[in-house]
Amino acid sequence: MNWSLIENNLINISFAILLITLLVYWVNIACTNIEVLSNIGTTFTTIVNLCLGIALLIRWINNKYFPLSNLYESLIFLTWGLTFTQLILEKQNNSKIIGSISIPISLFILAFTSFALPIEMKKASPLVPALQSNWLMMHVSIMIISYAVLISGSLLSILFLILYKTNIYQSKEKINKNLNSYKQNLTIKTVKRHHNNSYLLFNKLDILKSIDTLSYRIIGLGFPLLTIGIIAGAVWANEAWGSYWSWDPKETWALITWLIFATYLHSRLSKSWQGEKPAILASIGFLVIWICYLGVNFLGKGLHSYGWLS
């Protein structure tokens, strides 16, 4: 049996289902949360998660090592982590906003994996000595899961900023305009219009507050995972290279990522920043995660350059 072909077909099926799922989620958002579409979106996401999990399991069994040794395998695992995180968060919060913004990222990652990476990158190869350790599963899996969780939280912060900058300011201008008109002409029709626009503003403020709170909770979950992953990596580095920290580009950007989200959480816990400022910080964190995960490795420099494009 050609297991490589089965694995490739599972990835292609996942990509096709994700494309359909994206349309389902966006139509559901546009049509104000239809229960049937919600169930279809969750079911399709579950199928994608299972397909990716089976593909990784096949690769694990055939190659006798946990499939996180190169860019191709880690991207598949990241997509699995994103869909898994999405399913858990949706179940806990009963919100389809998470899926509507995380599915496009998952779809983009699979598209990049399938069409942009060279065939040689997709082929399994023997592990380099530094990766022949039980720390591979411990360190890399936790780091990628933390990336998946932090990406989900950061995407909500980006959504918060978009809504905050567009809808809220527009609503405030409309209400101020209606309020001036209301003062000049006290009629029942004007009062009713002013009341409706005020309700619209407060409704949007409630949505923004929900998105902001959800983003904070998700980032609060991903940050401890990132911390554990960095500590595990330091212990593994000492075992493999004789030093806990060597200021490798990957290590440096992992520390920058940690500092950004630590600052975000500190500002939220101390209540020194609220609303827009911490959301901007989390949005910067989204970009830094991708620099740490992909950008540094494209340079082909440092101790973490094996198995990546150079």
# chains A, B, ... in the order shown; residues from 1 in each chain; ligands from 1
$ residues_around --residues "Ala111 of chain A" --least-positions-apart "5" --cutoff "9 Å" --atoms "only C-alpha atoms" --output "list of chain:residue names"
A:Phe15, A:Ser106, A:Ala116
$ residues_around --residues "Ile284 of chain A" --least-positions-apart "3" --cutoff "10 Å" --atoms "only C-alpha atoms" --output "mmCIF file with N, CA, C and O atoms, in the first residue's frame"
data_model
loop_
_atom_site.group_PDB
_atom_site.id
_atom_site.type_symbol
_atom_site.label_atom_id
_atom_site.label_comp_id
_atom_site.auth_asym_id
_atom_site.auth_seq_id
_atom_site.Cartn_x
_atom_site.Cartn_y
_atom_site.Cartn_z
ATOM 1 N N SER A 154 -4.421 36.488 18.673
ATOM 2 C CA SER A 154 -3.970 37.694 17.981
ATOM 3 C C SER A 154 -4.899 38.068 16.836
ATOM 4 O O SER A 154 -5.127 39.259 16.572
ATOM 5 N N SER A 157 -7.640 40.040 18.153
ATOM 6 C CA SER A 157 -7.219 41.418 18.427
ATOM 7 C C SER A 157 -7.191 42.244 17.146
ATOM 8 O O SER A 157 -7.565 43.426 17.150
ATOM 9 N N ILE A 158 -6.748 41.638 16.052
ATOM 10 C CA ILE A 158 -6.761 42.330 14.759
ATOM 11 C C ILE A 158 -8.189 42.650 14.344
ATOM 12 O O ILE A 158 -8.487 43.759 13.877
ATOM 13 N N THR A 257 9.116 37.251 21.016
ATOM 14 C CA THR A 257 7.701 36.859 21.038
ATOM 15 C C THR A 257 7.193 36.766 22.470
ATOM 16 O O THR A 257 6.107 37.259 22.794
ATOM 17 N N ILE A 260 6.765 40.256 24.058
ATOM 18 C CA ILE A 260 5.606 40.999 23.555
ATOM 19 C C ILE A 260 4.325 40.531 24.234
ATOM 20 O O ILE A 260 3.516 41.347 24.715
ATOM 21 N N PHE A 261 4.125 39.230 24.295
ATOM 22 C CA PHE A 261 2.900 38.723 24.912
ATOM 23 C C PHE A 261 2.932 38.852 26.431
ATOM 24 O O PHE A 261 1.880 38.990 27.068
ATOM 25 N N PRO A 278 -3.539 47.433 23.950
ATOM 26 C CA PRO A 278 -3.137 46.023 24.022
ATOM 27 C C PRO A 278 -3.474 45.247 22.760
ATOM 28 O O PRO A 278 -2.762 44.303 22.403
ATOM 29 N N ALA A 279 -4.547 45.644 22.054
ATOM 30 C CA ALA A 279 -4.892 44.977 20.795
ATOM 31 C C ALA A 279 -3.819 45.220 19.744
ATOM 32 O O ALA A 279 -3.483 44.324 18.962
ATOM 33 N N ILE A 280 -3.264 46.441 19.713
ATOM 34 C CA ILE A 280 -2.166 46.743 18.794
ATOM 35 C C ILE A 280 -0.955 45.883 19.135
ATOM 36 O O ILE A 280 -0.276 45.340 18.249
ATOM 37 N N LEU A 281 -0.682 45.735 20.427
ATOM 38 C CA LEU A 281 0.454 44.927 20.870
ATOM 39 C C LEU A 281 0.282 43.465 20.458
ATOM 40 O O LEU A 281 1.220 42.819 19.984
ATOM 41 N N LEU A 287 2.545 39.195 13.963
ATOM 42 C CA LEU A 287 3.606 39.292 12.955
ATOM 43 C C LEU A 287 4.911 38.686 13.471
ATOM 44 O O LEU A 287 5.627 37.997 12.725
ATOM 45 N N VAL A 288 5.216 38.929 14.740
ATOM 46 C CA VAL A 288 6.457 38.426 15.313
ATOM 47 C C VAL A 288 6.459 36.903 15.367
ATOM 48 O O VAL A 288 7.507 36.265 15.168
ATOM 49 N N ILE A 289 5.295 36.299 15.624
ATOM 50 C CA ILE A 289 5.200 34.835 15.628
ATOM 51 C C ILE A 289 5.627 34.276 14.274
ATOM 52 O O ILE A 289 6.401 33.311 14.196
#
$ residues_around --residues "Ala124 of chain A" --least-positions-apart "4" --cutoff "12 Å" --atoms "only C-alpha atoms" --output "PyMOL selection string"
chain A and resi 4+56+58-73+119-120+128+307
$ residues_around --residues "segment 218-225 of chain A" --least-positions-apart "4" --cutoff "9 Å" --atoms "only C-alpha atoms" --output "JSON, numbers by chain"
{"A": [89, 142, 143, 145, 146, 147, 148, 149, 150, 151, 152, 153, 154, 213, 214, 229, 230, 258, 261, 262, 264, 265, 282]}
$ atom_distance --atom1 "atom CA of Ser243 of chain A" --atom2 "atom CA of Leu136 of chain A"
16.9 Å
